[in-house]
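Notes follow the structure.
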Amino acid sequence: MARSDTAGTWTVENGAGLYDLDRWGDSYFSTNSRGHVTVQPRGDRGGSIDLVDLVKGLQERDLGLPLLIRFDDILEDRLERLHAAFDRAIAHYGYVGRYQGVFPVKCNQQRHVVEQLVDSGQRWHFGLEAGSKAELLIALSLLNDPEALLICNGYKDQRYIETAILARRLGQQPVVVIEQPDEVERIIQASQVLGAAPMIGIRARLSSLSTGRWGSSVGDRAKFGLSIPELLETTETLRDAGLLGDLRLLHFHIGSQINDIAVLKDALQEAGQIYGELHRLGAPMGYLDVGGGLGIDYDGSRSATAASTNYSLQNYANDVVATVKECCEPCGVPVPTLVSESGRALASHFSVLVFDILGNGGAPDEIPVPREDDPLIVRNLHDTLGGISQGNLQEAWNDALKFKQDALSAFRLGYLRLPERARAEQLAWACARRIVKLLPQDDDMPEELHSLRASLASTYYGNFSVFRSAPDTWAIDQLFPVMPIHRLNEEPDQLGSIADLTCDSDGKLARFIEGGKSKTLLELHTPQEGEPYLLGLFLAGAYQEVMGNLHNLFGSTNAVHIRLAPGGGYRLDHVVRGDTNADVLQAMEHDPDLMLERLRLASEEAIREGRLGVSDARLLISHVSNSLQQSTYLQA
Ligand SMILES: *Cc1c(COP(=O)(O)O)cnc(C)c1O
């Protein structure tokens, strides 16, 4: 555990450092003198919100925990940073083209989120990318800028393609990206039926090797994209159909969260050459779409590891611009407008999940007093505990462990009673605690003694569901920064992992960021009686909401949209109420009214038979009917 610099004085800075807040917070998250996490929704440009005060204010408005707080200013700031990075790179390399991004809707389809992005992105003609028909419908209804791109990815049937073609007549700029060889025939057919063609793109299946979680998104066996022979054949098919003049875009996507910039450079070179070749084959082209993959430094380590990236946003933009320029200019190919489909990089920072701890539990910490009638095993443990010293830690632990095992054997054989076994266990834990307290800080202790510390750790019970709010921690071992949002001016005195409300043993957070690695226990404070203990899970604005599920019927949490108010403080723009119990029951085809009615009939019968009083029956019905209308989470 991190220690204060000078014994006894723990400062907010120590607290922020312990959780690496200054490394991953990226100027959006920091701390104040009260030991609270603060949010600077506009980054360095001023304005700050005390996250704890905000949560209290929302609770006063009857918005209970867990709460998903979306900071729309952050979303806007991310957009600005992305565009500023490309603008700088374009100026720096003297690139004679421009950058025009799109938001991949699959990253966060929430209406207010997509609306906000479209609205804030208007000044750059920022567009949308759809990967399914439903996402296409979102993009069609929200985009109203004739210059913004609407990139149509994913599997496409005839109706999808025809819709895209008609959207072009509506004044939009849909680009139908051919992801599968058979889609070209459908495009030709739809174009003949409607007498108009869409703007066409081709997704290339690159051979450059990728790494990381989504490394298999490229290479010969990737799910999407055309191989080089298919790409050539498709180009010829388009030429024969008179549609080559509509081939405008080359697309590739090498997977999400690219950790290592070297991987991107290889892919860019390969794609840059393919772009030039398509141009030489007679397609007008004009756009090179480098897909998603721009990563997030979840742990602030700036390393090529899963939870990090070894490059900055600016490095990324520089490499895209410079590499494409290097590919095109020597061959006299006009440089394309650069498109990226950066989802994670735009949407991760803006939402924070805040949840409360309902309680914590761990190894028992009571020490029984010695008694006259203690059996030998218990007396031995008392002696072991009394004899622990700096010089015999390993030996003392060996003894304690042996006596604990003896106690279990004796219990199995009927020689030890339950209270005696309880005392033996309490003493064994007391030995462990005393040993851990005496363990030196250096690392050359036997592994076994170090793991003792972990075995004493507490489990903190959080009022949330991992499956609902941070499913990637469970599905793909993703790490998000998790930390208390207050008491940072107090040294944490516990190590713990976090269990959620579900009855699933996988429903826990047991891996935490630690500078390019991970750790299984998080430094936490002992919750105080009558005081909430609030934790925040950060950088989870991308993918988590839609991947989240109803496991154990925990529904969506309350969500709010917060803006920095002009005169200081905040403005509550939208409230999106979380699911009620009735909502999640209906999602499983149950009928809440019918459920209530059945219960009413059963209680009438119980009243008639004298098993239940009328007032108790009323209480039962009122609990059930209130629960149906309330959140699926626990209420304080
Ligand atoms: C998922 C996806 C994206 C978004 O990727 P990020 O890593 O979130 O930026 C972009 N393009 C395509 C084709 C995708 O499938």
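Here, A, B, ... name the chains of the structure tokens in the order displayed, residue numbers run from 1 inside each chain, and ligands are numbered from 1 in the same displayed order.
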| field | Cut-off 8 Å, only C-alpha atoms and all ligand atoms, neighbours of ligand 1 as a VMD selection string | value | chain A and resid 103 to 104 106 to 107 129 131 153 to 154 252 to 253 255 to 258 291 to 295 340 to 346 542 to 543
Run DSSP on the backbone and give me the residues of segment 226-464 of chain A it puts in alpha helix (DSSP H), as a short mmCIF file (atom, residue, chain, number, x, y, z; two decimals) with C-alpha atoms, in the first residue's frame.
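The resulting result_29.cif:
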```
data_model
loop_
_atom_site.label_atom_id
_atom_site.label_comp_id
_atom_site.auth_asym_id
_atom_site.auth_seq_id
_atom_site.Cartn_x
_atom_site.Cartn_y
_atom_site.Cartn_z
CA ILE A 228 -6.91 -7.96 -52.42
CA PRO A 229 -8.20 -10.26 -55.22
CA GLU A 230 -11.79 -9.57 -54.17
CA LEU A 231 -11.08 -5.87 -54.10
CA LEU A 232 -9.77 -5.95 -57.66
CA GLU A 233 -12.66 -8.05 -58.88
CA THR A 234 -15.19 -5.76 -57.19
CA THR A 235 -13.61 -2.73 -58.82
CA GLU A 236 -13.96 -4.38 -62.23
CA THR A 237 -17.56 -5.36 -61.50
CA LEU A 238 -18.32 -1.75 -60.61
CA ARG A 239 -16.63 -0.60 -63.80
CA ASP A 240 -18.72 -3.01 -65.89
CA ILE A 261 1.13 2.91 -32.82
CA ALA A 262 3.51 0.80 -34.90
CA VAL A 263 0.54 -1.40 -35.80
CA LEU A 264 -1.36 1.60 -37.08
CA LYS A 265 1.55 2.81 -39.19
CA ASP A 266 1.86 -0.52 -40.99
CA ALA A 267 -1.86 -0.57 -41.69
CA LEU A 268 -1.81 3.02 -42.92
CA GLN A 269 1.00 2.30 -45.35
CA GLU A 270 -0.79 -0.72 -46.74
CA ALA A 271 -4.08 1.17 -47.03
CA GLY A 272 -2.37 4.24 -48.49
CA GLN A 273 -0.94 2.11 -51.31
CA ILE A 274 -4.28 0.43 -51.96
CA TYR A 275 -5.89 3.86 -52.13
CA GLY A 276 -3.38 4.93 -54.77
CA GLU A 277 -3.99 1.76 -56.77
CA LEU A 278 -7.75 2.28 -56.76
CA HIS A 279 -7.17 5.80 -58.00
CA ARG A 280 -4.96 4.46 -60.77
CA LEU A 313 -4.12 11.77 -29.80
CA GLN A 314 -1.65 14.10 -31.51
CA ASN A 315 0.75 11.24 -32.34
CA TYR A 316 -2.18 9.42 -33.90
CA ALA A 317 -3.26 12.35 -36.05
CA ASN A 318 0.35 13.01 -37.07
CA ASP A 319 0.87 9.43 -38.18
CA VAL A 320 -2.33 9.31 -40.18
CA VAL A 321 -1.61 12.56 -41.96
CA ALA A 322 2.11 11.97 -42.55
CA THR A 323 1.77 8.36 -43.70
CA VAL A 324 -1.05 9.04 -46.14
CA LYS A 325 0.86 11.99 -47.55
CA GLU A 326 3.98 9.86 -47.98
CA CYS A 327 1.99 7.21 -49.83
CA CYS A 328 0.18 9.55 -52.19
CA ARG A 344 -13.96 5.02 -27.92
CA ALA A 345 -11.70 8.06 -28.08
CA LEU A 346 -14.67 10.43 -28.20
CA ALA A 347 -17.13 8.79 -25.86
CA LEU A 376 -5.16 -27.45 23.71
CA ILE A 377 -5.47 -26.37 20.09
CA VAL A 378 -6.97 -23.02 21.12
CA ARG A 379 -4.34 -22.54 23.81
CA ASN A 380 -1.62 -23.24 21.26
CA LEU A 381 -3.06 -20.54 19.04
CA HIS A 382 -3.11 -18.07 21.93
CA ASP A 383 0.56 -18.84 22.54
CA THR A 384 1.39 -18.44 18.86
CA LEU A 385 -0.35 -15.08 18.74
CA GLY A 386 1.46 -13.90 21.85
CA LEU A 393 7.00 -14.20 11.10
CA GLN A 394 7.26 -17.18 8.78
CA GLU A 395 7.56 -19.65 11.66
CA ALA A 396 4.63 -18.13 13.52
CA TRP A 397 2.48 -18.32 10.40
CA ASN A 398 3.43 -21.97 9.85
CA ASP A 399 2.35 -22.72 13.42
CA ALA A 400 -0.89 -20.79 13.18
CA LEU A 401 -1.77 -22.53 9.94
CA LYS A 402 -1.04 -25.96 11.40
CA PHE A 403 -3.15 -25.33 14.51
CA LYS A 404 -5.99 -24.02 12.36
CA GLN A 405 -5.89 -27.21 10.30
CA ASP A 406 -5.74 -29.29 13.49
CA ALA A 407 -8.84 -27.48 14.70
CA LEU A 408 -10.67 -28.41 11.53
CA SER A 409 -9.64 -32.08 11.80
CA ALA A 410 -10.67 -32.21 15.46
CA PHE A 411 -14.02 -30.63 14.59
CA ARG A 412 -14.64 -33.17 11.84
CA LEU A 418 -18.61 -25.14 17.24
CA PRO A 419 -17.75 -22.26 19.66
CA GLU A 420 -14.25 -23.72 20.13
CA ARG A 421 -13.70 -23.98 16.42
CA ALA A 422 -14.90 -20.38 16.09
CA ARG A 423 -12.31 -19.25 18.67
CA ALA A 424 -9.57 -21.17 16.86
CA GLU A 425 -10.44 -19.46 13.57
CA GLN A 426 -10.58 -16.03 15.16
CA LEU A 427 -7.14 -16.61 16.64
CA ALA A 428 -5.68 -17.79 13.34
CA TRP A 429 -6.95 -14.61 11.66
CA ALA A 430 -5.60 -12.55 14.54
CA CYS A 431 -2.17 -14.12 13.94
CA ALA A 432 -2.43 -13.27 10.24
CA ARG A 433 -3.27 -9.65 11.05
CA ARG A 434 -0.42 -9.27 13.50
CA ILE A 435 2.03 -10.83 11.04
CA VAL A 436 0.88 -8.58 8.21
CA LYS A 437 1.28 -5.56 10.46
CA LEU A 438 4.89 -6.53 11.14
CA GLU A 447 5.50 -14.97 -1.38
CA GLU A 448 3.25 -16.78 1.08
CA LEU A 449 3.48 -14.00 3.66
CA HIS A 450 2.75 -11.40 1.05
CA SER A 451 -0.36 -13.20 -0.09
CA LEU A 452 -1.49 -13.17 3.54
CA ARG A 453 -2.19 -9.50 3.05
CA ALA A 454 -4.56 -10.33 0.21
CA SER A 455 -6.31 -13.01 2.25
#
```
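Counting only C-alpha atoms and comparing A:Leu585, A:Ile357, A:Leu509, A:Leu140, the residue that lies closest to Ala470 of chain A is A:Leu509.
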Per-residue nearest contacts segment 393-494 of chain A to segment 545-569 of chain A, cut-off 9 Å, using only C-alpha atoms, as JSON lines:
```
{"residue": "A:Phe464", "atom": "CA", "partner": "A:Phe554", "partner_atom": "CA", "distance": 8.1}
{"residue": "A:Ser465", "atom": "CA", "partner": "A:Phe554", "partner_atom": "CA", "distance": 6.7}
{"residue": "A:Val466", "atom": "CA", "partner": "A:Gly548", "partner_atom": "CA", "distance": 8.1}
{"residue": "A:Phe467", "atom": "CA", "partner": "A:Gly548", "partner_atom": "CA", "distance": 5.5}
{"residue": "A:Arg468", "atom": "CA", "partner": "A:Gly548", "partner_atom": "CA", "distance": 4.0}
{"residue": "A:Ser469", "atom": "CA", "partner": "A:Gly548", "partner_atom": "CA", "distance": 5.8}
{"residue": "A:Ala470", "atom": "CA", "partner": "A:Gly548", "partner_atom": "CA", "distance": 6.9}
{"residue": "A:Pro471", "atom": "CA", "partner": "A:Gly548", "partner_atom": "CA", "distance": 5.4}
{"residue": "A:Asp472", "atom": "CA", "partner": "A:Met547", "partner_atom": "CA", "distance": 7.9}
```
Pick out the residues sitting within 12 Å of segment 162-174 of chain A, and hand them over as a ChimeraX atom specification; count only C-alpha atoms, and ignore anything fewer than 2 positions along from it in its own chain.
/A:102,125-130,132-134,136-137,139-153,156-160,176-177,186-201,246,248-249
Inset, instruction - Extract, using only C-alpha atoms, all DNA, RNA and protein residues at most 7 Å from segment 350-356 of chain A, discarding same-chain residues fewer than 5 positions from it, and format them as a VMD selection string. - result: chain A and resid 65 to 72 74 to 75 462 to 464 532 to 541
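You will find atom CA of Ala204 of chain A at 13.5 Å from atom CA of Tyr287 of chain A.
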Mind listing the strand (DSSP E or B) residues of segment 174-315 of chain A, per DSSP on the backbone, as a list of chain:residue names?
-> A:Pro174, A:Val175, A:Val176, A:Val177, A:Ile178, A:Met199, A:Ile200, A:Gly201, A:Ile202, A:Arg203, A:Ala204, A:Leu226, A:Leu247, A:Arg248, A:Leu249, A:Leu250, A:His251, A:Tyr287, A:Leu288, A:Asp289
Q: Find the distance between atom CA of Glu589 of chain A and atom CA of Tyr633 of chain A and write it in Å to one decimal.
A: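 Separation of atom CA of Glu589 of chain A and atom CA of Tyr633 of chain A: 20.4 Å.
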What separation in Å, quoted to one decimal, exists between atom CA of Asn32 of chain A and atom CA of Leu51 of chain A?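 One can read the atom CA of Asn32 of chain A to atom CA of Leu51 of chain A distance as 10.1 Å.
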Using only C-alpha atoms, the residue out of A:Leu521, A:Leu358, A:Val96, A:Leu58 with shortest distance to Pro334 of chain A is A:Val96
Exercise. Nearest to Asp44 of chain A among A:Gln59, A:Thr11, A:Ser27, A:Ser389, with distances taken over only C-alpha atoms: which residue is it?
Worked result: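 Distance minimum relative to Asp44 of chain A lands on A:Ser27.
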